[in-house]
Structures are given as structure tokens and as C-alpha cells.
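Here is the structure we will look at.
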Amino acid sequence: MARRETPEINAGSMADIAFLLLIFFLVTTTMDVDSGISKKLSEKPPKDYVPPVIKEKNIFEVNINRNNEMLVEGETMQLEDLKEATIKFIDNGGGEGKVVDGVSTGPCDYCQGARSQTSSDHPNKAIISVQSDRGTEYGMYIKVQNELLKAYTVLRNRLALEKYNVSYNELEDSYKKDSKNEELKKKVEFVKASYPQIISDAEPTSVN
Amino acid sequence: MSKFGKKKKPMPAVNTASLPDIVFMLLFFFMVTTVMRETDLKIENPTLPNATEVKKLEHKSLVSTIYVGKAKDKKLGAGDKIQLNDKIASPDDVTAFILNERSQRSEAEHPYMTTSIKADVESSVGTITDIKLKLRDVGALKLSLSSRKLTEVKQ
């Protein structure tokens, strides 16, 4: 009887093992996607620049002291209440809007606020001024910025839902995917212009 | 006789033993050729703040990063330190840093350049403001305050 040859080990599945490893690592590795709160700095004013006079009622003042406590319009406030207060302020719509290219935008017809005479006239006039101390913790500063941005998102979403039946976030996403679409662009710009983000960082106070 | 009467041999199976080698070679090729820009951190790895309203940074090649945090090297003392490229620097160096970053890109791309500040939650706003003022002076107005995306629990 002939001696049986030892059968060769089937190595065909080695490739599968290698692929499996490759795919496993592909899926589990997360590459940090950089994300952050985007801000646009104001341009450096020329030397002889006279700042425009802004009515007190159109400014929403947020102060953060070095102990990370917050003062909003002269009263202490907790972080949880900031969003509501901001929405109330922006969405007040108590008067006429800003004059753009010689045309007055008129009163805010999409605002649902209290239309109080002592709060902001129009979302495009409402300025949020954040003043922090040099010693304020950066984390707190970001939290405040985040709450303010949240307020804008709520308002923009509400307006977009009313007008176009989609939330602003979805609108923006679909515009990003299809950036040639003029109609979408118009919609996005409209919502953006209706509630423009006007957050200014005042020069910080310093004690030492 | 027997020569002709032989049964036909079955087709031998293709040897696939070298397939894993090919796959591994591909794997190694990509491992070697991918470059991940990694800067040596001279400061302690910053704990980024959490936020919900974050935007993704697009065009990674147009982003210049400034790190803010405590120095790893205790000799440099406590307090916030700024790291530009691989060195600890002062706010005054920010201008040169931005100009240097600009010179590496074409003129047309300058308006789209973004500065990303990766700062530790515990650093102070004062340091950030110093950087911001320098950025404003040099005209690098697009800024991103790096923070981790926090998905909010539905209320």
C-alpha cells in the first residue's frame, strides 16, 4: 500500500483572516474629527472709528466673573436659564428692524415674543454682549457661548419649520450636499438673515 | 498500455496561500504611505470643553492649530502656556505664526484659512483673549474654538 501523503493545509482562508483584521481595525479606529464652536472675529477698527450708538434695550449683557458666576442684564442667573432668557430677548420684536440698503426691514413679523418696549426691537438689532474676566475659566466661557448659540438654533429651527416644514439643521445639511441648489441657498440665507448671530465679546475686565 | 489508459487527473486547485501575503502587503503599503500629522505636545493634553452647537472643521489643510494649556515641563512654571507648532510661545509670536502659515498656502486660499484654538477647560479666558487680539491684528478672522461634540439627551 502506498504511503499516504500528508494533505496540504488549506491556506485559502488566511486571506479572510487578514481581511477580517483589517476591517476590524478600520471600524474601531476613530480619527478625531476636529470640531468646534466657530466664531468670526470682528475686524480691527480704524483709529478714528466712532462706534455707533446702540440703544441700551437692544443689548443683552452677559457678564461672567472670575468665580464663573454669571450676571445677565444685572441679575445673577444659572446656566440652565440662559437659553430661555436669550430666546425671550432675541425674539421680542418690540419695534422696527434695521435699515438695510436704505430699506427698512420693518417690524419683525415672524417673532413670537412679548413685543415689550423695554427689550430688543428686532432680531437683526439684538446684540448679545459677553464680557468675561481674565480669570474666568475657559470651560465656563464655552458653556455660555454654547447656550447662546443654542438659543439661536431653537429660533432658526422654529422659523424654518414654520416656513418650509423642515428644521434649519436639515435645511443646512441638504444645502451642504447640494450646494448648487439656488432655492435651498435662498432658504438658508433667509433663515440666517432673519435670526443673525450677533454675539460680541467685550474686552475682558482684569483685576490685576 | 497503461500510459494511455491512465485516468484523467483532476484540475489542481489554485494555490491561494500567497493571498494573505498580498493583503498584508497592501495593508503595509497604506500604513507606510499614510501620513498623519502629529505634533508633539509640549503642553499637557488639553481636555477640550464639551458643546452641542459645534461645526465640523472643513478643509483640514487650511487649519492652523494653536494649543493652550499647562506646560508638561514643570520648569516652565504654572499657568497657561501657548504652543505654536512645536514650541511654547508667547502671544506675540502668534502674528509670526499666522504669517508663516499663510506663506505656505496660495494667495487665493487665505480668506478660507481657519485658526483652531485647542484650549484646556481650565485655562483662563484672558489667555484666549490675548490670542484673539493678535489674530484680529493680523486679520485671521475665522476662528474655531475646538470642543468635543456632545449629543444632548432629548428633553
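Scheme for the C-alpha cells: letters A, B, ... for chains in order shown; per-chain residue numbers from 1; ligand numbers from 1 in order shown.
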Write out as a PDB file with N, CA, C and O atoms, in the first residue's frame every residue belonging to chain A that has an atom at most 8 Å from any atom of chain B, counting only C-alpha atoms.
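File produced: result.pdb:
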ATOM      1  N   ASN A  10      -5.085  23.848   3.965  1.00  0.00           N
ATOM      2  CA  ASN A  10      -5.691  24.852   3.097  1.00  0.00           C
ATOM      3  C   ASN A  10      -5.467  26.241   3.678  1.00  0.00           C
ATOM      4  O   ASN A  10      -5.932  26.553   4.759  1.00  0.00           O
ATOM      5  N   ALA A  11      -4.695  27.029   2.924  1.00  0.00           N
ATOM      6  CA  ALA A  11      -4.371  28.362   3.436  1.00  0.00           C
ATOM      7  C   ALA A  11      -5.258  29.425   2.816  1.00  0.00           C
ATOM      8  O   ALA A  11      -5.036  30.615   2.992  1.00  0.00           O
ATOM      9  N   GLY A  12      -6.256  29.005   2.104  1.00  0.00           N
ATOM     10  CA  GLY A  12      -7.108  29.968   1.410  1.00  0.00           C
ATOM     11  C   GLY A  12      -7.816  30.901   2.350  1.00  0.00           C
ATOM     12  O   GLY A  12      -8.064  32.062   2.027  1.00  0.00           O
ATOM     13  N   MET A  14      -6.691  32.141   5.047  1.00  0.00           N
ATOM     14  CA  MET A  14      -5.800  33.114   5.677  1.00  0.00           C
ATOM     15  C   MET A  14      -6.130  34.528   5.222  1.00  0.00           C
ATOM     16  O   MET A  14      -6.105  35.482   6.015  1.00  0.00           O
ATOM     17  N   ALA A  15      -6.458  34.644   3.936  1.00  0.00           N
ATOM     18  CA  ALA A  15      -6.801  35.947   3.394  1.00  0.00           C
ATOM     19  C   ALA A  15      -8.011  36.510   4.111  1.00  0.00           C
ATOM     20  O   ALA A  15      -8.064  37.703   4.434  1.00  0.00           O
ATOM     21  N   ASP A  16      -8.962  35.636   4.373  1.00  0.00           N
ATOM     22  CA  ASP A  16     -10.161  36.091   5.073  1.00  0.00           C
ATOM     23  C   ASP A  16      -9.812  36.608   6.454  1.00  0.00           C
ATOM     24  O   ASP A  16     -10.344  37.628   6.907  1.00  0.00           O
ATOM     25  N   ALA A  18      -6.967  37.873   7.381  1.00  0.00           N
ATOM     26  CA  ALA A  18      -6.303  39.164   7.250  1.00  0.00           C
ATOM     27  C   ALA A  18      -7.300  40.277   6.972  1.00  0.00           C
ATOM     28  O   ALA A  18      -7.237  41.357   7.567  1.00  0.00           O
ATOM     29  N   PHE A  19      -8.242  39.983   6.103  1.00  0.00           N
ATOM     30  CA  PHE A  19      -9.262  40.982   5.799  1.00  0.00           C
ATOM     31  C   PHE A  19     -10.076  41.325   7.033  1.00  0.00           C
ATOM     32  O   PHE A  19     -10.408  42.485   7.287  1.00  0.00           O
ATOM     33  N   LEU A  22      -8.137  43.591   9.127  1.00  0.00           N
ATOM     34  CA  LEU A  22      -8.096  44.912   8.509  1.00  0.00           C
ATOM     35  C   LEU A  22      -9.394  45.659   8.748  1.00  0.00           C
ATOM     36  O   LEU A  22      -9.412  46.815   9.177  1.00  0.00           O
ATOM     37  N   VAL A  33     -12.321  63.848  14.569  1.00  0.00           N
ATOM     38  CA  VAL A  33     -12.742  64.866  13.629  1.00  0.00           C
ATOM     39  C   VAL A  33     -12.740  66.167  14.399  1.00  0.00           C
ATOM     40  O   VAL A  33     -13.374  66.276  15.435  1.00  0.00           O
ATOM     41  N   ASP A  34     -11.986  67.103  13.905  1.00  0.00           N
ATOM     42  CA  ASP A  34     -11.925  68.376  14.594  1.00  0.00           C
ATOM     43  C   ASP A  34     -13.251  69.084  14.473  1.00  0.00           C
ATOM     44  O   ASP A  34     -13.761  69.270  13.369  1.00  0.00           O
ATOM     45  N   SER A  35     -13.758  69.459  15.586  1.00  0.00           N
ATOM     46  CA  SER A  35     -14.978  70.243  15.540  1.00  0.00           C
ATOM     47  C   SER A  35     -14.874  71.315  16.609  1.00  0.00           C
ATOM     48  O   SER A  35     -14.108  71.185  17.554  1.00  0.00           O
ATOM     49  N   GLY A  36     -15.636  72.334  16.437  1.00  0.00           N
ATOM     50  CA  GLY A  36     -15.558  73.403  17.416  1.00  0.00           C
ATOM     51  C   GLY A  36     -16.607  74.460  17.175  1.00  0.00           C
ATOM     52  O   GLY A  36     -17.299  74.445  16.162  1.00  0.00           O
ATOM     53  N   ILE A  37     -16.707  75.338  18.129  1.00  0.00           N
ATOM     54  CA  ILE A  37     -17.620  76.463  18.001  1.00  0.00           C
ATOM     55  C   ILE A  37     -16.952  77.474  17.088  1.00  0.00           C
ATOM     56  O   ILE A  37     -15.863  77.941  17.389  1.00  0.00           O
ATOM     57  N   SER A  38     -17.598  77.766  15.979  1.00  0.00           N
ATOM     58  CA  SER A  38     -16.927  78.684  15.065  1.00  0.00           C
ATOM     59  C   SER A  38     -17.324  80.115  15.400  1.00  0.00           C
ATOM     60  O   SER A  38     -18.454  80.400  15.746  1.00  0.00           O
ATOM     61  N   LYS A  39     -16.341  80.957  15.304  1.00  0.00           N
ATOM     62  CA  LYS A  39     -16.564  82.366  15.616  1.00  0.00           C
ATOM     63  C   LYS A  39     -15.939  83.208  14.527  1.00  0.00           C
ATOM     64  O   LYS A  39     -14.968  82.784  13.910  1.00  0.00           O
ATOM     65  N   LYS A  40     -16.521  84.344  14.310  1.00  0.00           N
ATOM     66  CA  LYS A  40     -15.905  85.270  13.377  1.00  0.00           C
ATOM     67  C   LYS A  40     -15.460  86.473  14.172  1.00  0.00           C
ATOM     68  O   LYS A  40     -16.273  87.107  14.830  1.00  0.00           O
ATOM     69  N   LEU A  41     -14.195  86.754  14.129  1.00  0.00           N
ATOM     70  CA  LEU A  41     -13.707  87.914  14.858  1.00  0.00           C
ATOM     71  C   LEU A  41     -14.065  89.182  14.095  1.00  0.00           C
ATOM     72  O   LEU A  41     -14.162  89.167  12.869  1.00  0.00           O
ATOM     73  N   SER A  42     -14.259  90.238  14.833  1.00  0.00           N
ATOM     74  CA  SER A  42     -14.564  91.493  14.162  1.00  0.00           C
ATOM     75  C   SER A  42     -13.256  92.064  13.633  1.00  0.00           C
ATOM     76  O   SER A  42     -12.187  91.793  14.157  1.00  0.00           O
ATOM     77  N   GLU A  43     -13.375  92.831  12.587  1.00  0.00           N
ATOM     78  CA  GLU A  43     -12.163  93.404  12.033  1.00  0.00           C
ATOM     79  C   GLU A  43     -11.625  94.492  12.946  1.00  0.00           C
ATOM     80  O   GLU A  43     -12.368  95.085  13.716  1.00  0.00           O
ATOM     81  N   LYS A  44     -10.359  94.721  12.824  1.00  0.00           N
ATOM     82  CA  LYS A  44      -9.750  95.753  13.668  1.00  0.00           C
ATOM     83  C   LYS A  44     -10.283  97.110  13.254  1.00  0.00           C
ATOM     84  O   LYS A  44     -10.179  97.490  12.084  1.00  0.00           O
ATOM     85  N   SER A 132     -16.290  88.783  29.960  1.00  0.00           N
ATOM     86  CA  SER A 132     -15.779  87.876  30.970  1.00  0.00           C
ATOM     87  C   SER A 132     -14.540  88.469  31.604  1.00  0.00           C
ATOM     88  O   SER A 132     -13.919  89.375  31.062  1.00  0.00           O
ATOM     89  N   ASP A 133     -14.199  87.918  32.711  1.00  0.00           N
ATOM     90  CA  ASP A 133     -12.992  88.355  33.397  1.00  0.00           C
ATOM     91  C   ASP A 133     -11.809  87.597  32.829  1.00  0.00           C
ATOM     92  O   ASP A 133     -11.977  86.519  32.265  1.00  0.00           O
ATOM     93  N   ARG A 134     -10.636  88.157  32.988  1.00  0.00           N
ATOM     94  CA  ARG A 134      -9.449  87.428  32.502  1.00  0.00           C
ATOM     95  C   ARG A 134      -9.271  86.108  33.234  1.00  0.00           C
ATOM     96  O   ARG A 134      -8.692  85.165  32.724  1.00  0.00           O
ATOM     97  N   GLY A 135      -9.764  86.059  34.445  1.00  0.00           N
ATOM     98  CA  GLY A 135      -9.589  84.847  35.239  1.00  0.00           C
ATOM     99  C   GLY A 135     -10.698  83.822  35.070  1.00  0.00           C
ATOM    100  O   GLY A 135     -10.652  82.750  35.654  1.00  0.00           O
ATOM    101  N   THR A 136     -11.683  84.149  34.246  1.00  0.00           N
ATOM    102  CA  THR A 136     -12.772  83.200  34.029  1.00  0.00           C
ATOM    103  C   THR A 136     -12.243  81.924  33.400  1.00  0.00           C
ATOM    104  O   THR A 136     -11.344  81.960  32.577  1.00  0.00           O
ATOM    105  N   GLU A 137     -12.841  80.822  33.814  1.00  0.00           N
ATOM    106  CA  GLU A 137     -12.410  79.555  33.246  1.00  0.00           C
ATOM    107  C   GLU A 137     -12.925  79.439  31.808  1.00  0.00           C
ATOM    108  O   GLU A 137     -14.064  79.774  31.511  1.00  0.00           O
ATOM    109  N   TYR A 138     -12.063  78.921  30.955  1.00  0.00           N
ATOM    110  CA  TYR A 138     -12.406  78.784  29.532  1.00  0.00           C
ATOM    111  C   TYR A 138     -13.616  77.883  29.345  1.00  0.00           C
ATOM    112  O   TYR A 138     -14.471  78.125  28.490  1.00  0.00           O
ATOM    113  N   GLY A 139     -13.697  76.838  30.170  1.00  0.00           N
ATOM    114  CA  GLY A 139     -14.822  75.902  30.071  1.00  0.00           C
ATOM    115  C   GLY A 139     -16.155  76.600  30.271  1.00  0.00           C
ATOM    116  O   GLY A 139     -17.119  76.351  29.549  1.00  0.00           O
ATOM    117  N   MET A 140     -16.180  77.505  31.237  1.00  0.00           N
ATOM    118  CA  MET A 140     -17.408  78.246  31.531  1.00  0.00           C
ATOM    119  C   MET A 140     -17.756  79.148  30.349  1.00  0.00           C
ATOM    120  O   MET A 140     -18.911  79.244  29.944  1.00  0.00           O
ATOM    121  N   TYR A 141     -16.738  79.787  29.810  1.00  0.00           N
ATOM    122  CA  TYR A 141     -16.934  80.688  28.678  1.00  0.00           C
ATOM    123  C   TYR A 141     -17.569  79.932  27.504  1.00  0.00           C
ATOM    124  O   TYR A 141     -18.514  80.402  26.878  1.00  0.00           O
ATOM    125  N   ILE A 142     -17.029  78.738  27.249  1.00  0.00           N
ATOM    126  CA  ILE A 142     -17.573  77.931  26.151  1.00  0.00           C
ATOM    127  C   ILE A 142     -19.005  77.519  26.447  1.00  0.00           C
ATOM    128  O   ILE A 142     -19.865  77.548  25.564  1.00  0.00           O
ATOM    129  N   LYS A 143     -19.275  77.187  27.700  1.00  0.00           N
ATOM    130  CA  LYS A 143     -20.638  76.789  28.059  1.00  0.00           C
ATOM    131  C   LYS A 143     -21.620  77.915  27.777  1.00  0.00           C
ATOM    132  O   LYS A 143     -22.711  77.688  27.255  1.00  0.00           O
ATOM    133  N   ASN A 146     -22.118  78.346  24.149  1.00  0.00           N
ATOM    134  CA  ASN A 146     -22.915  77.238  23.655  1.00  0.00           C
ATOM    135  C   ASN A 146     -24.403  77.478  23.917  1.00  0.00           C
ATOM    136  O   ASN A 146     -25.242  77.259  23.043  1.00  0.00           O
ATOM    137  N   LEU A 149     -25.692  80.051  21.510  1.00  0.00           N
ATOM    138  CA  LEU A 149     -25.866  79.501  20.162  1.00  0.00           C
ATOM    139  C   LEU A 149     -27.092  78.599  20.111  1.00  0.00           C
ATOM    140  O   LEU A 149     -27.795  78.539  19.113  1.00  0.00           O
ATOM    141  N   LYS A 150     -27.321  77.881  21.223  1.00  0.00           N
ATOM    142  CA  LYS A 150     -28.494  77.015  21.295  1.00  0.00           C
ATOM    143  C   LYS A 150     -29.764  77.826  21.090  1.00  0.00           C
ATOM    144  O   LYS A 150     -30.676  77.396  20.395  1.00  0.00           O
ATOM    145  N   GLU A 203     -14.168  93.394  25.656  1.00  0.00           N
ATOM    146  CA  GLU A 203     -12.836  93.254  26.244  1.00  0.00           C
ATOM    147  C   GLU A 203     -12.971  92.805  27.695  1.00  0.00           C
ATOM    148  O   GLU A 203     -13.785  93.332  28.432  1.00  0.00           O
ATOM    149  N   PRO A 204     -12.194  91.819  28.108  1.00  0.00           N
ATOM    150  CA  PRO A 204     -12.383  91.316  29.463  1.00  0.00           C
ATOM    151  C   PRO A 204     -11.895  92.290  30.520  1.00  0.00           C
ATOM    152  O   PRO A 204     -10.966  93.058  30.301  1.00  0.00           O
TER     153      PRO A 204
END
**OP:** Please return as JSON, numbers by chain: the residues of chain A that backbone DSSP assigns to helix (DSSP H, G or I).
**Re:** {"A": [14, 15, 16, 17, 18, 19, 20, 21, 22, 23, 24, 25, 26, 27, 28, 56, 57, 58, 79, 80, 81, 82, 83, 84, 85, 86, 87, 88, 89, 90, 138, 139, 140, 141, 142, 143, 144, 145, 146, 147, 148, 149, 150, 151, 152, 153, 154, 155, 156, 157, 158, 159, 160, 161, 162, 163, 164, 168, 169, 170, 171, 172, 173, 174, 175, 176, 177, 182, 183, 184, 185, 186, 187, 188, 189, 190, 191, 192, 193, 194]}
Could those selected residues go to a file with C-alpha atoms, as an mmCIF file, in the first residue's frame?
data_model
loop_
_atom_site.group_PDB
_atom_site.id
_atom_site.type_symbol
_atom_site.label_atom_id
_atom_site.label_comp_id
_atom_site.auth_asym_id
_atom_site.auth_seq_id
_atom_site.Cartn_x
_atom_site.Cartn_y
_atom_site.Cartn_z
ATOM 1 C CA MET A 14 -5.800 33.114 5.677
ATOM 2 C CA ALA A 15 -6.801 35.947 3.394
ATOM 3 C CA ASP A 16 -10.161 36.091 5.073
ATOM 4 C CA ILE A 17 -8.496 36.322 8.443
ATOM 5 C CA ALA A 18 -6.303 39.164 7.250
ATOM 6 C CA PHE A 19 -9.262 40.982 5.799
ATOM 7 C CA LEU A 20 -11.190 40.494 8.982
ATOM 8 C CA LEU A 21 -8.372 42.043 10.958
ATOM 9 C CA LEU A 22 -8.096 44.912 8.509
ATOM 10 C CA ILE A 23 -11.814 45.618 8.634
ATOM 11 C CA PHE A 24 -11.892 45.329 12.406
ATOM 12 C CA PHE A 25 -9.237 47.994 12.773
ATOM 13 C CA LEU A 26 -10.802 50.139 10.104
ATOM 14 C CA VAL A 27 -14.050 50.180 12.022
ATOM 15 C CA THR A 28 -12.666 50.615 15.508
ATOM 16 C CA GLU A 56 -29.491 100.014 25.710
ATOM 17 C CA LYS A 57 -32.564 97.856 25.198
ATOM 18 C CA ASN A 58 -31.030 96.189 22.165
ATOM 19 C CA LEU A 79 -26.658 78.483 33.186
ATOM 20 C CA GLU A 80 -29.835 76.462 32.696
ATOM 21 C CA ASP A 81 -31.953 79.596 32.434
ATOM 22 C CA LEU A 82 -29.724 81.418 29.991
ATOM 23 C CA LYS A 83 -31.168 79.837 26.861
ATOM 24 C CA GLU A 84 -34.756 80.806 27.711
ATOM 25 C CA ALA A 85 -33.762 84.341 28.638
ATOM 26 C CA THR A 86 -31.805 84.714 25.404
ATOM 27 C CA ILE A 87 -34.670 83.446 23.292
ATOM 28 C CA LYS A 88 -37.012 85.871 25.016
ATOM 29 C CA PHE A 89 -34.645 88.727 24.300
ATOM 30 C CA ILE A 90 -33.924 87.940 20.645
ATOM 31 C CA TYR A 138 -12.406 78.784 29.532
ATOM 32 C CA GLY A 139 -14.822 75.902 30.071
ATOM 33 C CA MET A 140 -17.408 78.246 31.531
ATOM 34 C CA TYR A 141 -16.934 80.688 28.678
ATOM 35 C CA ILE A 142 -17.573 77.931 26.151
ATOM 36 C CA LYS A 143 -20.638 76.789 28.059
ATOM 37 C CA VAL A 144 -22.102 80.270 27.902
ATOM 38 C CA GLN A 145 -21.318 80.608 24.197
ATOM 39 C CA ASN A 146 -22.915 77.238 23.655
ATOM 40 C CA GLU A 147 -26.126 78.234 25.441
ATOM 41 C CA LEU A 148 -26.343 81.419 23.391
ATOM 42 C CA LEU A 149 -25.866 79.501 20.162
ATOM 43 C CA LYS A 150 -28.494 77.015 21.295
ATOM 44 C CA ALA A 151 -30.978 79.854 21.604
ATOM 45 C CA TYR A 152 -30.305 80.878 18.006
ATOM 46 C CA THR A 153 -30.639 77.296 16.833
ATOM 47 C CA VAL A 154 -34.017 76.958 18.534
ATOM 48 C CA LEU A 155 -35.288 80.121 16.880
ATOM 49 C CA ARG A 156 -33.907 79.267 13.455
ATOM 50 C CA ASN A 157 -35.338 75.783 13.624
ATOM 51 C CA ARG A 158 -38.713 77.145 14.583
ATOM 52 C CA LEU A 159 -38.770 79.619 11.726
ATOM 53 C CA ALA A 160 -37.600 77.045 9.185
ATOM 54 C CA LEU A 161 -40.216 74.572 10.363
ATOM 55 C CA GLU A 162 -42.935 77.177 10.006
ATOM 56 C CA LYS A 163 -41.855 78.353 6.577
ATOM 57 C CA TYR A 164 -40.503 75.278 4.869
ATOM 58 C CA TYR A 168 -32.902 74.583 9.923
ATOM 59 C CA ASN A 169 -30.335 71.892 10.635
ATOM 60 C CA GLU A 170 -31.800 69.642 7.962
ATOM 61 C CA LEU A 171 -32.055 72.571 5.591
ATOM 62 C CA GLU A 172 -28.404 73.359 6.098
ATOM 63 C CA ASP A 173 -27.373 69.740 5.679
ATOM 64 C CA SER A 174 -29.221 69.359 2.429
ATOM 65 C CA TYR A 175 -27.733 72.605 1.201
ATOM 66 C CA LYS A 176 -24.269 71.359 2.020
ATOM 67 C CA LYS A 177 -24.882 68.230 -0.010
ATOM 68 C CA GLU A 182 -30.246 78.136 -5.625
ATOM 69 C CA GLU A 183 -33.579 77.565 -3.969
ATOM 70 C CA LEU A 184 -32.048 75.914 -0.957
ATOM 71 C CA LYS A 185 -29.446 78.635 -0.741
ATOM 72 C CA LYS A 186 -32.151 81.279 -0.655
ATOM 73 C CA LYS A 187 -33.946 79.480 2.131
ATOM 74 C CA VAL A 188 -30.819 79.053 4.217
ATOM 75 C CA GLU A 189 -29.836 82.668 3.745
ATOM 76 C CA PHE A 190 -33.295 83.853 4.609
ATOM 77 C CA VAL A 191 -33.396 81.978 7.902
ATOM 78 C CA LYS A 192 -29.863 83.071 8.684
ATOM 79 C CA ALA A 193 -30.678 86.699 7.989
ATOM 80 C CA SER A 194 -33.866 86.520 9.992
#
Subject >> Coordinates-based distance that separates atom CA of A:Asp109 from atom CA of A:Gly97 (Å, one decimal) >> reply: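 For atom CA of A:Gly97 relative to atom CA of A:Asp109, the distance reads 10.2 Å.
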Original post:
Contacts of A:Leu71 at 12 Å or less, counting only C-alpha atoms, minus same-chain residues fewer than 4 places along, as a PyMOL selection string?
Top reply: chain A and resi 60-67+75-79+81-82+129-133+144
Original post:
atom CA of A:Val100 to atom CA of A:Lys47: how many Å, to one decimal?
Top reply: 25.4 Å
Original post:
Any idea what's packed within 12 Å of A:Lys55, counting only C-alpha atoms, ignoring anything in its chain fewer than 3 positions away? Could you give it as an NGL selection string?
Top reply: :A and (52 or 58-60 or 95 or 117-121 or 125-127)
**OP:** Quick one: pick out all strand (DSSP E) residues within chain A from a backbone DSSP run and write them as a PyMOL selection string.
**Re:** chain A and resi 35-40+59-64+70-72+75-76+99-100+103-104+127-132+199-201
Serialized selection, N, CA, C and O atoms, as a short mmCIF file (atom, residue, chain, number, x, y, z; two decimals), in the first residue's frame:
data_model
loop_
_atom_site.label_atom_id
_atom_site.label_comp_id
_atom_site.auth_asym_id
_atom_site.auth_seq_id
_atom_site.Cartn_x
_atom_site.Cartn_y
_atom_site.Cartn_z
N SER A 35 -13.76 69.46 15.59
CA SER A 35 -14.98 70.24 15.54
C SER A 35 -14.87 71.31 16.61
O SER A 35 -14.11 71.18 17.55
N GLY A 36 -15.64 72.33 16.44
CA GLY A 36 -15.56 73.40 17.42
C GLY A 36 -16.61 74.46 17.18
O GLY A 36 -17.30 74.45 16.16
N ILE A 37 -16.71 75.34 18.13
CA ILE A 37 -17.62 76.46 18.00
C ILE A 37 -16.95 77.47 17.09
O ILE A 37 -15.86 77.94 17.39
N SER A 38 -17.60 77.77 15.98
CA SER A 38 -16.93 78.68 15.07
C SER A 38 -17.32 80.12 15.40
O SER A 38 -18.45 80.40 15.75
N LYS A 39 -16.34 80.96 15.30
CA LYS A 39 -16.56 82.37 15.62
C LYS A 39 -15.94 83.21 14.53
O LYS A 39 -14.97 82.78 13.91
N LYS A 40 -16.52 84.34 14.31
CA LYS A 40 -15.90 85.27 13.38
C LYS A 40 -15.46 86.47 14.17
O LYS A 40 -16.27 87.11 14.83
N ILE A 59 -29.26 95.64 23.70
CA ILE A 59 -28.07 94.91 24.12
C ILE A 59 -28.42 93.97 25.26
O ILE A 59 -29.08 94.35 26.23
N PHE A 60 -28.03 92.75 25.09
CA PHE A 60 -28.26 91.73 26.11
C PHE A 60 -26.90 91.47 26.75
O PHE A 60 -26.00 90.94 26.12
N GLU A 61 -26.80 91.89 27.98
CA GLU A 61 -25.47 91.87 28.59
C GLU A 61 -25.28 90.62 29.43
O GLU A 61 -26.08 90.32 30.31
N VAL A 62 -24.22 89.90 29.13
CA VAL A 62 -23.89 88.72 29.92
C VAL A 62 -22.50 88.94 30.51
O VAL A 62 -21.55 89.15 29.79
N ASN A 63 -22.42 88.90 31.81
CA ASN A 63 -21.12 89.04 32.47
C ASN A 63 -20.77 87.74 33.17
O ASN A 63 -21.62 87.13 33.80
N ILE A 64 -19.53 87.35 33.05
CA ILE A 64 -19.06 86.19 33.80
C ILE A 64 -17.90 86.66 34.66
O ILE A 64 -16.95 87.26 34.15
N MET A 70 -22.49 84.03 36.79
CA MET A 70 -23.00 84.76 35.64
C MET A 70 -23.96 85.86 36.07
O MET A 70 -24.79 85.65 36.95
N LEU A 71 -23.84 86.97 35.41
CA LEU A 71 -24.73 88.09 35.65
C LEU A 71 -25.35 88.44 34.31
O LEU A 71 -24.66 88.79 33.37
N VAL A 72 -26.67 88.32 34.21
CA VAL A 72 -27.34 88.61 32.96
C VAL A 72 -28.24 89.81 33.16
O VAL A 72 -29.14 89.77 34.01
N GLU A 75 -28.64 90.81 36.69
CA GLU A 75 -29.11 89.88 37.72
C GLU A 75 -28.39 88.55 37.59
O GLU A 75 -28.10 88.11 36.48
N THR A 76 -28.14 87.92 38.71
CA THR A 76 -27.47 86.62 38.65
C THR A 76 -28.41 85.60 38.02
O THR A 76 -29.63 85.65 38.17
N VAL A 99 -32.20 99.22 9.18
CA VAL A 99 -32.34 99.70 7.81
C VAL A 99 -31.22 99.11 6.96
O VAL A 99 -30.04 99.35 7.22
N VAL A 100 -31.59 98.26 5.99
CA VAL A 100 -30.59 97.63 5.14
C VAL A 100 -30.68 98.24 3.75
O VAL A 100 -31.73 98.21 3.11
N VAL A 103 -33.50 100.48 2.93
CA VAL A 103 -34.86 99.97 3.06
C VAL A 103 -35.03 99.46 4.49
O VAL A 103 -34.24 98.64 4.97
N SER A 104 -36.06 99.93 5.13
CA SER A 104 -36.30 99.47 6.49
C SER A 104 -36.90 98.07 6.45
O SER A 104 -37.74 97.76 5.61
N ILE A 127 -28.26 92.58 20.04
CA ILE A 127 -26.84 92.28 20.20
C ILE A 127 -26.62 91.61 21.55
O ILE A 127 -27.15 92.06 22.56
N ILE A 128 -25.88 90.53 21.51
CA ILE A 128 -25.53 89.87 22.76
C ILE A 128 -24.09 90.20 23.07
O ILE A 128 -23.21 89.97 22.25
N SER A 129 -23.87 90.75 24.20
CA SER A 129 -22.51 91.13 24.57
C SER A 129 -22.05 90.28 25.74
O SER A 129 -22.67 90.26 26.79
N VAL A 130 -20.99 89.55 25.52
CA VAL A 130 -20.46 88.69 26.57
C VAL A 130 -19.19 89.32 27.11
O VAL A 130 -18.24 89.56 26.37
N GLN A 131 -19.21 89.60 28.38
CA GLN A 131 -18.00 90.13 28.98
C GLN A 131 -17.53 89.19 30.07
O GLN A 131 -18.29 88.81 30.95
N SER A 132 -16.29 88.78 29.96
CA SER A 132 -15.78 87.88 30.97
C SER A 132 -14.54 88.47 31.60
O SER A 132 -13.92 89.37 31.06
N ILE A 199 -23.11 88.01 18.35
CA ILE A 199 -22.55 87.83 19.69
C ILE A 199 -21.21 88.54 19.72
O ILE A 199 -20.32 88.22 18.94
N SER A 200 -21.09 89.50 20.56
CA SER A 200 -19.81 90.21 20.60
C SER A 200 -19.12 89.95 21.93
O SER A 200 -19.76 89.82 22.96
N ASP A 201 -17.83 89.80 21.84
CA ASP A 201 -17.05 89.58 23.05
C ASP A 201 -16.44 90.90 23.47
O ASP A 201 -15.58 91.43 22.78
#
